[in-house]
$ cat target-v4.txt   # compact mmCIF, C-alpha atoms
# COMPACT_ATOMS: atom_id res chain seq x y z
CA MET A 1 0.00 0.00 0.00
CA SER A 2 1.37 3.43 -0.97
CA LYS A 3 2.00 6.21 1.56
CA PHE A 4 -0.82 8.13 -0.09
CA SER A 5 -3.30 5.29 0.38
CA MET A 6 -2.33 5.04 4.03
CA ALA A 7 -3.12 8.77 4.38
CA ILE A 8 -6.77 8.10 3.54
CA PRO A 9 -8.72 6.86 6.59
CA PHE A 10 -9.83 3.26 6.02
CA HIS A 11 -13.54 4.06 6.34
CA ARG A 12 -13.16 6.53 3.49
CA ARG A 13 -11.48 4.04 1.16
CA ILE A 14 -14.83 2.65 0.04
CA LEU A 15 -15.28 4.00 -3.48
CA SER A 16 -14.48 1.13 -5.80
CA VAL A 17 -13.24 2.00 -9.28
CA ARG A 18 -13.93 -0.13 -12.35
CA LYS A 19 -10.37 -0.08 -13.59
CA HIS A 20 -10.97 -0.23 -17.34
CA LEU A 21 -13.82 2.30 -17.21
CA SER A 22 -12.05 4.81 -14.97
CA ALA A 23 -10.11 7.80 -16.31
CA ASP A 24 -6.78 5.96 -15.97
CA GLY A 25 -8.01 2.90 -17.83
CA LEU A 26 -9.64 4.98 -20.54
CA TYR A 27 -6.57 7.19 -21.05
CA ALA A 28 -4.46 4.04 -21.49
CA LEU A 29 -7.03 2.72 -23.95
CA LEU A 30 -6.95 5.96 -25.98
CA SER A 31 -3.16 6.03 -26.05
CA ALA A 32 -3.10 2.47 -27.42
CA ALA A 33 -5.77 3.33 -30.00
CA PHE A 34 -3.95 6.50 -31.11
CA LYS A 35 -0.77 4.47 -31.64
CA LYS A 36 -2.60 2.40 -34.27
CA ILE A 37 -3.35 5.46 -36.42
CA PRO A 38 -0.90 5.66 -39.35
CA ASP A 39 1.35 8.70 -39.19
CA HIS A 40 0.59 10.91 -42.18
CA ARG A 41 3.72 13.02 -41.64
CA ARG A 42 7.17 12.58 -43.07
CA GLU A 43 9.56 10.23 -41.30
CA GLY A 44 11.65 11.68 -38.52
CA SER A 45 9.01 14.01 -37.06
CA PRO A 46 10.32 15.02 -33.63
CA ILE A 47 7.03 14.49 -31.78
CA PRO A 48 5.19 11.16 -32.18
CA LEU A 49 1.63 11.43 -33.51
CA VAL A 50 0.31 9.64 -30.41
CA ASP A 51 1.75 12.42 -28.23
CA THR A 52 0.14 15.08 -30.42
CA LEU A 53 -3.25 13.37 -30.27
CA MET A 54 -3.04 12.72 -26.53
CA SER A 55 -2.04 16.35 -26.00
CA ALA A 56 -5.06 17.62 -27.91
CA PHE A 57 -7.27 15.18 -26.01
CA ALA A 58 -5.74 16.29 -22.68
CA MET A 59 -6.52 19.91 -23.52
CA PHE A 60 -10.20 19.01 -23.83
CA ALA A 61 -10.13 16.63 -20.84
CA LEU A 62 -8.78 19.47 -18.68
CA LYS A 63 -11.21 21.96 -20.27
CA ASP A 64 -8.46 24.48 -21.02
CA PRO A 65 -10.05 27.57 -22.60
CA SER A 66 -7.47 27.89 -25.38
CA LEU A 67 -4.46 26.24 -26.98
CA LEU A 68 -2.26 28.97 -25.53
CA ALA A 69 -3.48 28.18 -22.00
CA PHE A 70 -2.78 24.51 -22.57
CA GLU A 71 0.72 25.23 -23.89
CA GLU A 72 1.68 26.49 -20.43
CA ARG A 73 1.51 22.85 -19.33
CA ARG A 74 4.41 21.83 -21.57
CA ASN A 75 6.85 19.58 -19.74
CA ASP A 76 4.55 19.31 -16.75
CA GLU A 77 5.25 16.01 -14.97
CA ASN A 78 1.53 15.38 -14.64
CA MET A 79 1.17 15.30 -18.43
CA ARG A 80 3.50 12.32 -18.49
CA ASN A 81 2.06 10.58 -15.41
CA LEU A 82 -1.64 10.97 -16.17
CA PHE A 83 -1.88 11.26 -19.97
CA ARG A 84 1.21 9.23 -20.97
CA ILE A 85 2.56 12.16 -23.03
CA HIS A 86 6.34 12.10 -23.36
CA ARG A 87 6.83 14.99 -25.79
CA GLN A 88 4.14 17.64 -25.75
CA PRO A 89 3.91 19.80 -28.90
CA CYS A 90 3.68 23.57 -28.80
CA ASP A 91 0.50 25.15 -30.14
CA THR A 92 1.97 25.62 -33.65
CA GLN A 93 3.22 22.04 -33.81
CA MET A 94 -0.16 20.70 -32.70
CA ARG A 95 -1.99 22.63 -35.41
CA GLU A 96 0.49 21.68 -38.12
CA ASN A 97 0.51 18.00 -37.13
CA LEU A 98 -3.28 17.61 -36.95
CA ASP A 99 -4.37 19.77 -39.88
CA PRO A 100 -3.61 17.18 -42.65
CA MET A 101 -5.05 14.27 -40.64
CA ASP A 102 -8.14 12.53 -42.00
CA PRO A 103 -10.84 12.86 -39.29
CA GLU A 104 -12.14 9.40 -40.24
CA GLN A 105 -9.05 7.90 -38.61
CA LEU A 106 -10.51 8.87 -35.22
CA ARG A 107 -13.70 6.82 -35.62
CA PRO A 108 -12.12 3.53 -34.42
CA VAL A 109 -11.01 5.28 -31.22
CA PHE A 110 -14.65 5.92 -30.30
CA GLY A 111 -15.29 2.26 -31.07
CA SER A 112 -12.56 1.19 -28.65
CA VAL A 113 -14.27 3.03 -25.78
CA PHE A 114 -17.69 1.69 -26.81
CA ARG A 115 -16.45 -1.92 -26.82
CA GLU A 116 -15.00 -1.41 -23.34
CA LEU A 117 -18.40 -0.21 -22.17
CA GLN A 118 -20.01 -3.28 -23.70
CA ARG A 119 -17.47 -5.65 -22.13
CA GLY A 120 -18.03 -4.03 -18.75
CA GLN A 121 -21.82 -4.48 -19.07
CA ALA A 122 -22.08 -0.71 -18.51
CA LEU A 123 -24.60 -0.12 -21.30
CA LYS A 124 -27.26 -2.48 -19.93
CA PRO A 125 -29.05 0.29 -17.97
CA LEU A 126 -29.51 2.18 -21.25
CA VAL A 127 -31.47 -0.60 -22.99
CA PHE A 128 -34.87 0.96 -23.72
CA TYR A 129 -37.28 -1.49 -25.38
CA GLU A 130 -37.00 -5.13 -26.46
CA GLY A 131 -33.20 -5.07 -26.30
CA CYS A 132 -32.94 -1.83 -28.30
CA TYR A 133 -31.10 1.39 -27.48
CA LEU A 134 -32.41 4.84 -28.34
CA LEU A 135 -30.06 6.51 -30.83
CA LEU A 136 -30.62 10.28 -30.96
CA LEU A 137 -29.40 12.25 -33.98
CA ASP A 138 -29.17 16.00 -34.43
CA GLY A 139 -26.87 18.60 -35.95
CA THR A 140 -25.31 21.74 -34.51
CA GLY A 141 -22.97 24.49 -35.63
CA TYR A 142 -19.70 25.16 -33.83
CA PHE A 143 -17.85 27.65 -36.05
CA SER A 144 -18.84 30.72 -38.06
CA SER A 145 -16.66 33.46 -39.55
CA GLN A 146 -16.60 35.89 -42.44
CA GLN A 147 -12.79 35.84 -42.66
CA ILE A 148 -11.36 32.53 -41.42
CA HIS A 149 -12.08 29.52 -43.62
CA CYS A 150 -10.69 26.25 -45.00
CA ASP A 151 -11.44 23.87 -47.86
CA SER A 152 -13.99 22.00 -45.70
CA CYS A 153 -16.05 25.05 -44.75
CA LEU A 154 -19.68 25.40 -45.73
CA LYS A 155 -20.38 28.69 -47.50
CA LYS A 156 -23.47 30.78 -46.84
CA VAL A 157 -23.89 33.72 -49.23
CA ASN A 158 -26.08 36.66 -48.28
CA ALA A 159 -28.49 37.13 -51.20
CA GLU A 160 -28.63 40.90 -50.76
CA THR A 161 -25.01 41.83 -50.04
CA GLY A 162 -23.13 38.86 -51.50
CA GLU A 163 -21.24 38.56 -48.21
CA VAL A 164 -19.92 35.04 -47.54
CA THR A 165 -20.09 33.39 -44.12
CA TYR A 166 -17.98 30.28 -43.55
CA GLN A 167 -19.32 27.61 -41.21
CA HIS A 168 -18.63 24.23 -39.67
CA GLN A 169 -21.41 21.96 -38.43
CA MET A 170 -21.46 18.54 -36.85
CA LEU A 171 -24.05 15.76 -36.79
CA ALA A 172 -23.97 14.03 -33.42
CA ALA A 173 -25.32 10.60 -32.48
CA VAL A 174 -25.76 9.54 -28.85
CA LEU A 175 -27.27 6.61 -26.99
CA ALA A 176 -29.67 7.83 -24.31
CA HIS A 177 -32.41 6.65 -21.98
CA PRO A 178 -35.25 8.70 -20.47
CA ASP A 179 -34.35 7.53 -16.94
CA HIS A 180 -30.62 8.29 -17.12
CA LYS A 181 -28.81 11.62 -17.31
CA GLU A 182 -25.79 10.19 -19.14
CA VAL A 183 -25.57 10.02 -22.91
CA ILE A 184 -23.01 7.91 -24.77
CA PRO A 185 -21.81 9.65 -27.96
CA LEU A 186 -20.72 7.66 -30.97
CA ALA A 187 -18.25 9.13 -33.45
CA PRO A 188 -19.95 12.19 -35.02
CA GLU A 189 -20.15 13.08 -38.70
CA ALA A 190 -18.87 16.40 -40.02
CA ILE A 191 -21.33 18.42 -42.12
CA CYS A 192 -18.74 19.99 -44.38
CA GLN A 193 -17.81 20.55 -47.99
CA GLN A 194 -17.32 17.15 -49.61
CA ASP A 195 -14.52 16.50 -52.10
CA GLY A 196 -15.71 16.95 -55.68
CA ASN A 197 -19.03 18.58 -54.72
CA THR A 198 -19.88 22.15 -55.57
CA LYS A 199 -23.03 22.24 -53.40
CA ASN A 200 -22.95 22.57 -49.62
CA ASP A 201 -23.25 19.43 -47.56
CA CYS A 202 -26.44 19.12 -45.48
CA GLU A 203 -27.71 17.34 -42.40
CA ARG A 204 -29.74 14.87 -44.47
CA ASN A 205 -26.69 13.70 -46.46
CA ALA A 206 -24.57 13.60 -43.31
CA SER A 207 -27.25 11.49 -41.62
CA LYS A 208 -27.17 8.99 -44.46
CA ARG A 209 -23.37 8.69 -44.19
CA LEU A 210 -23.38 8.47 -40.40
CA LEU A 211 -26.07 5.81 -40.09
CA ARG A 212 -24.32 3.61 -42.65
CA LYS A 213 -21.05 3.94 -40.72
CA ILE A 214 -22.77 3.15 -37.42
CA ARG A 215 -24.33 -0.01 -38.87
CA LYS A 216 -20.97 -1.09 -40.31
CA GLU A 217 -19.18 -0.46 -37.01
CA HIS A 218 -21.95 -2.01 -34.87
CA PRO A 219 -23.60 -4.64 -37.09
CA ARG A 220 -25.53 -6.35 -34.27
CA LEU A 221 -26.48 -3.32 -32.19
CA LYS A 222 -30.28 -3.04 -31.90
CA LEU A 223 -31.24 0.59 -32.35
CA ILE A 224 -34.30 2.84 -32.35
CA VAL A 225 -33.37 6.04 -34.18
CA VAL A 226 -35.03 9.17 -32.75
CA GLU A 227 -35.00 12.33 -34.89
CA ASP A 228 -37.01 15.48 -35.52
CA GLY A 229 -39.62 16.11 -38.19
CA LEU A 230 -37.09 16.69 -40.96
CA ALA A 231 -36.30 12.97 -40.88
CA SER A 232 -39.83 11.64 -41.40
CA ASN A 233 -39.58 11.43 -45.17
CA ALA A 234 -39.85 8.34 -47.35
CA PRO A 235 -36.21 8.09 -48.57
CA HIS A 236 -34.86 8.36 -45.02
CA ILE A 237 -37.33 5.87 -43.59
CA ARG A 238 -36.52 3.39 -46.37
CA GLU A 239 -32.82 3.86 -45.55
CA LEU A 240 -33.49 3.08 -41.87
CA ILE A 241 -35.43 -0.04 -42.79
CA ALA A 242 -32.60 -1.19 -45.09
CA LEU A 243 -30.13 -0.68 -42.22
CA ASP A 244 -32.34 -2.75 -39.89
CA MET A 245 -32.91 0.20 -37.57
CA HIS A 246 -36.20 0.97 -35.85
CA PHE A 247 -37.33 4.58 -35.66
CA ILE A 248 -39.43 7.14 -33.79
CA LEU A 249 -39.51 10.29 -35.94
CA GLY A 250 -41.26 13.58 -35.33
CA ALA A 251 -44.11 14.37 -37.74
CA LYS A 252 -45.65 17.85 -38.05
CA PRO A 253 -49.06 18.55 -39.60
CA GLY A 254 -47.63 21.13 -42.01
CA ASP A 255 -45.22 18.57 -43.46
CA HIS A 256 -47.65 15.62 -43.48
CA GLU A 257 -51.10 16.83 -44.55
CA PHE A 258 -51.92 13.47 -46.17
CA LEU A 259 -50.90 11.56 -43.06
CA PHE A 260 -53.02 13.73 -40.77
CA ASP A 261 -55.96 13.39 -43.16
CA GLU A 262 -55.51 9.62 -42.84
CA LEU A 263 -55.61 10.02 -39.07
CA ILE A 264 -58.91 11.95 -39.31
CA ALA A 265 -60.32 9.20 -41.53
CA ALA A 266 -59.15 6.59 -39.02
CA PHE A 267 -60.96 8.46 -36.23
CA GLU A 268 -64.14 8.48 -38.29
CA ASP A 269 -63.78 4.73 -38.91
CA ASP A 270 -63.18 4.12 -35.20
CA ARG A 271 -59.73 2.67 -35.90
CA VAL A 272 -57.86 5.00 -33.50
CA THR A 273 -57.08 3.84 -29.96
CA THR A 274 -57.07 6.51 -27.25
CA ILE A 275 -55.86 6.28 -23.66
CA SER A 276 -55.79 9.07 -21.08
CA TRP A 277 -54.73 9.67 -17.48
CA LYS A 278 -54.31 12.46 -14.94
CA VAL A 279 -51.10 14.52 -15.01
CA GLY A 280 -50.78 17.06 -12.21
CA ASP A 281 -53.71 19.44 -12.47
CA GLY A 282 -54.41 18.39 -16.06
CA GLN A 283 -54.69 15.35 -18.24
CA ALA A 284 -52.53 13.47 -20.75
CA GLU A 285 -53.88 11.66 -23.77
CA ILE A 286 -52.35 9.29 -26.32
CA SER A 287 -54.00 8.43 -29.63
CA PHE A 288 -52.49 5.92 -32.01
CA VAL A 289 -53.22 3.97 -35.16
CA ASN A 290 -51.05 1.36 -36.87
CA GLN A 291 -50.36 0.79 -40.57
CA VAL A 292 -51.22 4.05 -42.30
CA PRO A 293 -49.47 5.31 -45.48
CA LEU A 294 -46.80 7.98 -44.92
CA ASN A 295 -47.89 10.17 -47.83
CA GLU A 296 -49.76 10.08 -51.12
CA SER A 297 -46.60 9.43 -53.16
CA ASN A 298 -45.55 6.50 -50.96
CA ARG A 299 -48.78 4.63 -50.19
CA ASP A 300 -46.82 1.40 -49.92
CA LEU A 301 -44.73 2.78 -47.05
CA LEU A 302 -46.85 2.08 -43.98
CA VAL A 303 -46.02 3.62 -40.61
CA ASN A 304 -47.59 3.66 -37.16
CA PHE A 305 -48.84 7.04 -35.96
CA LEU A 306 -48.49 8.21 -32.34
CA HIS A 307 -50.09 11.39 -30.99
CA TYR A 308 -49.57 12.76 -27.45
CA VAL A 309 -51.26 15.77 -25.83
CA GLU A 310 -51.05 17.29 -22.36
CA TYR A 311 -54.05 19.40 -21.37
CA GLY A 312 -54.12 22.08 -18.69
CA PRO A 313 -56.88 22.38 -16.05
CA ASP A 314 -58.80 24.60 -18.49
CA GLY A 315 -58.86 21.79 -21.05
CA GLU A 316 -56.55 23.64 -23.43
CA PRO A 317 -53.57 21.69 -24.89
CA ARG A 318 -50.23 22.69 -23.34
CA LYS A 319 -47.93 20.22 -25.10
CA VAL A 320 -48.51 18.36 -28.35
CA PHE A 321 -46.20 15.76 -29.91
CA THR A 322 -46.69 13.54 -32.94
CA TRP A 323 -44.45 10.80 -34.28
CA VAL A 324 -44.31 8.03 -36.86
CA THR A 325 -42.67 4.74 -35.97
CA ASP A 326 -42.23 1.22 -37.31
CA LEU A 327 -42.76 -0.25 -33.84
CA CYS A 328 -46.23 -1.72 -33.38
CA ILE A 329 -48.08 0.53 -30.92
CA THR A 330 -50.26 -1.12 -28.28
CA ARG A 331 -52.01 0.00 -25.12
CA SER A 332 -49.23 -1.56 -23.08
CA ASN A 333 -46.29 0.15 -24.82
CA ALA A 334 -47.77 3.48 -26.01
CA GLN A 335 -46.65 5.49 -22.98
CA LEU A 336 -43.15 4.02 -23.19
CA LEU A 337 -42.86 4.92 -26.87
CA VAL A 338 -43.97 8.48 -26.07
CA ARG A 339 -41.18 8.66 -23.51
CA GLY A 340 -38.78 7.40 -26.17
CA GLY A 341 -39.84 10.08 -28.63
CA ARG A 342 -39.59 12.80 -26.01
CA THR A 343 -36.07 11.66 -25.07
CA ARG A 344 -34.84 13.48 -28.17
CA TRP A 345 -34.40 16.64 -26.08
CA LYS A 346 -31.42 14.98 -24.39
CA ILE A 347 -29.21 15.46 -27.45
CA GLU A 348 -29.82 19.19 -27.21
CA ASN A 349 -29.72 19.57 -23.43
CA GLU A 350 -27.39 16.82 -22.24
CA THR A 351 -25.05 16.98 -25.26
CA PHE A 352 -24.93 20.33 -27.08
CA ASN A 353 -25.82 22.43 -24.04
CA THR A 354 -23.16 20.64 -21.99
CA LEU A 355 -20.51 21.13 -24.67
CA LYS A 356 -21.36 24.80 -25.16
CA ASN A 357 -22.11 25.94 -21.60
CA GLN A 358 -20.49 23.59 -19.08
CA GLY A 359 -16.80 24.17 -19.60
CA TYR A 360 -16.00 22.43 -22.90
CA HIS A 361 -15.78 25.69 -24.92
CA TYR A 362 -17.36 23.95 -27.91
CA LYS A 363 -17.69 27.14 -29.96
CA HIS A 364 -14.17 28.38 -29.24
CA ASN A 365 -11.85 28.29 -32.24
CA TYR A 366 -8.87 26.27 -30.97
CA GLY A 367 -7.42 26.35 -34.46
CA HIS A 368 -8.97 26.28 -37.89
CA GLY A 369 -6.21 25.19 -40.25
CA LYS A 370 -6.37 24.88 -44.02
CA GLN A 371 -7.55 21.27 -44.32
CA HIS A 372 -9.10 19.26 -41.46
CA LEU A 373 -7.90 20.80 -38.20
CA SER A 374 -11.26 22.20 -37.12
CA VAL A 375 -13.02 18.86 -37.65
CA VAL A 376 -10.24 16.85 -35.97
CA LEU A 377 -10.31 19.05 -32.88
CA SER A 378 -14.10 18.91 -32.74
CA MET A 379 -13.99 15.11 -32.81
CA LEU A 380 -11.34 15.02 -30.07
CA MET A 381 -13.53 17.27 -27.92
CA MET A 382 -16.43 14.85 -28.44
CA LEU A 383 -14.07 12.02 -27.47
CA ALA A 384 -13.28 13.85 -24.22
CA PHE A 385 -17.04 14.21 -23.65
CA LEU A 386 -17.44 10.44 -24.20
CA VAL A 387 -14.76 9.71 -21.59
CA ASP A 388 -16.42 12.09 -19.11
CA GLN A 389 -19.84 10.53 -19.68
CA THR A 390 -18.31 7.07 -19.21
CA GLN A 391 -16.82 8.16 -15.90
CA GLN A 392 -20.14 9.69 -14.87
CA LEU A 393 -21.87 6.39 -15.64
CA CYS A 394 -19.24 3.98 -14.29
CA CYS A 395 -16.88 5.66 -11.81
CA PRO A 396 -18.24 6.27 -8.28
CA LEU A 397 -15.10 8.23 -7.40
CA PHE A 398 -15.73 10.72 -10.22
CA GLY A 399 -19.37 10.97 -9.14
CA ALA A 400 -18.41 11.61 -5.51
CA VAL A 401 -16.06 14.46 -6.47
CA TRP A 402 -18.73 15.97 -8.74
CA LYS A 403 -21.32 15.74 -5.96
CA LYS A 404 -18.95 17.34 -3.43
CA LEU A 405 -18.15 20.30 -5.70
CA GLY A 406 -21.74 20.77 -6.83
CA SER A 407 -21.28 21.42 -10.56
CA LYS A 408 -19.27 20.33 -13.57
CA ARG A 409 -17.72 23.79 -13.93
CA ALA A 410 -16.49 23.67 -10.33
CA LEU A 411 -15.13 20.16 -10.92
CA TRP A 412 -13.16 21.27 -13.99
CA ASP A 413 -11.84 24.38 -12.17
CA HIS A 414 -10.58 22.32 -9.22
CA LEU A 415 -9.17 19.69 -11.57
CA ARG A 416 -7.08 22.27 -13.45
CA SER A 417 -5.94 23.92 -10.23
CA HIS A 418 -4.81 20.67 -8.62
CA PHE A 419 -3.19 19.57 -11.86
CA ARG A 420 -1.17 22.78 -11.99
CA HIS A 421 -0.06 22.95 -8.37
CA PHE A 422 0.61 19.35 -7.30
CA THR A 423 2.13 16.14 -8.62
CA PHE A 424 -0.06 13.07 -9.08
CA GLN A 425 0.63 9.49 -10.06
CA SER A 426 -2.80 8.82 -11.58
CA MET A 427 -6.23 10.33 -12.10
CA LYS A 428 -7.50 8.14 -9.26
CA HIS A 429 -4.88 9.75 -7.03
CA LEU A 430 -6.00 13.23 -8.16
CA TYR A 431 -9.71 12.51 -7.60
CA GLU A 432 -9.04 11.11 -4.11
CA VAL A 433 -7.05 14.22 -3.18
CA MET A 434 -9.91 16.42 -4.38
CA LEU A 435 -12.55 14.33 -2.61
CA TYR A 436 -10.80 14.04 0.77
CA GLY A 437 -9.00 17.41 0.81
CA LEU A 438 -5.48 15.93 1.01
CA ALA A 439 -3.61 18.41 -1.19
CA LYS A 440 -1.63 20.25 1.49
CA ASN A 441 1.08 17.59 1.83
CA LEU A 442 1.59 16.94 -1.88
CA PRO A 443 4.74 18.04 -3.74
CA ALA A 444 4.57 20.59 -6.55
CA PRO A 445 5.05 19.20 -10.09
CA ARG A 446 8.62 19.15 -11.39
CA LEU A 447 9.21 20.78 -14.73
CA ASP A 448 11.33 18.92 -17.25
CA SER A 449 13.56 21.49 -18.95
CA SER A 450 14.85 19.08 -21.58
$ encode --input "target-v4.txt" --output "structure tokens"
Amino acid sequence: MSKFSMAIPFHRRILSVRKHLSADGLYALLSAAFKKIPDHRREGSPIPLVDTLMSAFAMFALKDPSLLAFEERRNDENMRNLFRIHRQPCDTQMRENLDPMDPEQLRPVFGSVFRELQRGQALKPLVFYEGCYLLLLDGTGYFSSQQIHCDSCLKKVNAETGEVTYQHQMLAAVLAHPDHKEVIPLAPEAICQQDGNTKNDCERNASKRLLRKIRKEHPRLKLIVVEDGLASNAPHIRELIALDMHFILGAKPGDHEFLFDELIAAFEDDRVTTISWKVGDGQAEISFVNQVPLNESNRDLLVNFLHYVEYGPDGEPRKVFTWVTDLCITRSNAQLLVRGGRTRWKIENETFNTLKNQGYHYKHNYGHGKQHLSVVLSMLMMLAFLVDQTQQLCCPLFGAVWKKLGSKRALWDHLRSHFRHFTFQSMKHLYEVMLYGLAKNLPAPRLDSS
């Protein structure tokens, strides 16, 4: 037993850590996965690619607000002990080394973490219905400028002034469950200018690419895809069916007049099932009908229609949701499927809101580059988010520190402060110091001047 372990009272040494799903295990896993990525640079580069990638990941893991702030950590002993970085690049080297890298090379790294979660049985609590996981998809923008741009940028031209705005967007995909706060992100898909195309990329095309990649990477994973109303069109639904993916897709009256007319006809024919119950001072009501055509042009494409309304005490509707799904709707599963459809908000709140407002600096330009730097850094930030969500789901020690400090922002602030002022042998060591307030006897980190 180490001197540090002896310093923790025995009754406090109760927080078990699942080794492979803790920060230390995951950092080792990432380092091994990064080593498998072919080095695109010329031979003899002074800093190994794995060190460059781990450095960029560490910047996002520590939630440093800029590359310049992270560069102050160069030669910090903790970088070597905790992140296995032997030669940390300066900010210019990091940008130059990562800019030519194909972002697709990072996809297997996400897969490595996902397989570890599967092996550790950590994803079982997220199973939603008949062995299926909810897979939420949505896009968001993270960069916009009228001056800075690269070959991958989307271009938005103002029709009146001709002014060009350059943008980067990302399509995210996360596993989620209505009863759990955690989301598990899969490798995202960049919405960016595609080689050989003159038209801008779009979320619909990115969705097609991403879903095909997900099915190839996870051929046996049972999924229920949850998306907004833009996705409830015939080509996309046929694509989901071909990929053996179930779906719960938003459907708005303005986009589906034929479908809603079919619903009215079903009401008149007494083919609609309705269930209702009390909710607070009001009432909730579900109406559903199975096997109705999606639209007039695709009468052969039959979907199941689900309608949910919450009424206030005055009888006026307060919330209205409508979906189409391929899952057979029954009295026994209708409420569960409504919960599944409503879980879509988690990709906005638990994913994008967290990345933008809880210390990840998602919209900060860490470096744009001329080729792929912006996309590579965005994917590495999402990888850091995946590691954090894994810890939140699987590491009681991480959860205890978070609970003690009260917020994620406070956790990241204390993490950076401890990292800067003391020497640690592992992330477990660092978390225990933060949890039990044992920093006063720790040595300061030694700086390697070589």
$ residues_around --input "target-v4.txt" --residues "A:Ala439" --least-positions-apart "3" --cutoff "12 Å" --atoms "only C-alpha atoms" --output "list in words"
Phe4, Ala7, Ile8, His414, Leu415, Ser417, His418, Phe419, Arg420, His421, Phe422, Thr423, Phe424, His429, Leu430, Tyr431, Glu432, Val433, Met434, Leu435, Tyr436, Leu442, Pro443 and Ala444 of chain A
$ closest_residue --input "target-v4.txt" --among "A:Ser112, A:Ser407, A:Asn233, A:Leu397" --to "A:Glu217" --atoms "all atoms listed in the file"
A:Ser112
$ atom_distance --input "target-v4.txt" --atom1 "atom CA of A:Lys319" --atom2 "atom CA of A:Ile286"
11.9 Å
$ closest_atom_pairs --input "target-v4.txt" --of "stretch 53-111 of chain A" --to "stretch 146-168 of chain A" --cutoff "12 Å" --atoms "only C-alpha atoms" --output "CSV"
residue,atom,partner,partner_atom,distance
A:Asp99,CA,A:Cys150,CA,10.4
A:Pro100,CA,A:Asp151,CA,11.5
A:Asp102,CA,A:Ser152,CA,11.7
A:Pro103,CA,A:Ser152,CA,11.6
$ closest_residue --input "target-v4.txt" --among "A:Leu137, A:Ala190, A:Val113, A:Leu405" --to "A:Gln169" --atoms "only C-alpha atoms"
A:Ala190
$ atom_distance --input "target-v4.txt" --atom1 "atom CA of A:Thr325" --atom2 "atom CA of A:Gln389"
28.6 Å
$ residues_around --input "target-v4.txt" --residues "A:Asp314" --least-positions-apart "2" --cutoff "10 Å" --atoms "only C-alpha atoms" --output "ChimeraX atom specification"
/A:281-282,311-312,316-317
$ atom_distance --input "target-v4.txt" --atom1 "atom CA of A:Leu49" --atom2 "atom CA of A:His368"
18.8 Å
$ residues_around --input "target-v4.txt" --residues "A:Gln118" --least-positions-apart "4" --cutoff "12 Å" --atoms "all atoms listed in the file" --output "PyMOL selection string"
chain A and resi 20-21+111-114+122-127+184+218+221+390+394
$ closest_residue --input "target-v4.txt" --among "A:Ala56, A:Cys90, A:Val320, A:Leu175" --to "A:Met379" --atoms "all atoms listed in the file"
A:Ala56
$ residues_around --input "target-v4.txt" --residues "A:Phe352" --least-positions-apart "2" --cutoff "10 Å" --atoms "all atoms listed in the file" --output "list in words"
Asp138, Gly139, Thr140, Gly141, Tyr142, Ala172, Lys346, Ile347, Glu348, Asn349, Glu350, Thr354, Leu355, Lys356, Asn357, Gln358 and Tyr362 of chain A
$ closest_residue --input "target-v4.txt" --among "A:Asn441, A:Asn97, A:Ser22, A:Gln392" --to "A:Lys181" --atoms "all atoms listed in the file"
A:Gln392
$ residues_around --input "target-v4.txt" --residues "A:Leu327" --least-positions-apart "2" --cutoff "8 Å" --atoms "only C-alpha atoms" --output "VMD selection string"
chain A and resid 246 to 247 304 325 329
$ residues_near_point --input "target-v4.txt" --point "(-53.1, 9.4, -42.0)" --cutoff "9 Å" --atoms "all atoms listed in the file" --output "PyMOL selection string"
chain A and resi 256-266+289+292-295+305
$ residues_near_point --input "target-v4.txt" --point "(-24.4, 15.4, -38.9)" --cutoff "12 Å" --atoms "all atoms listed in the file" --output "PyMOL selection string"
chain A and resi 136-142+168-174+186-192+201-211+227+375
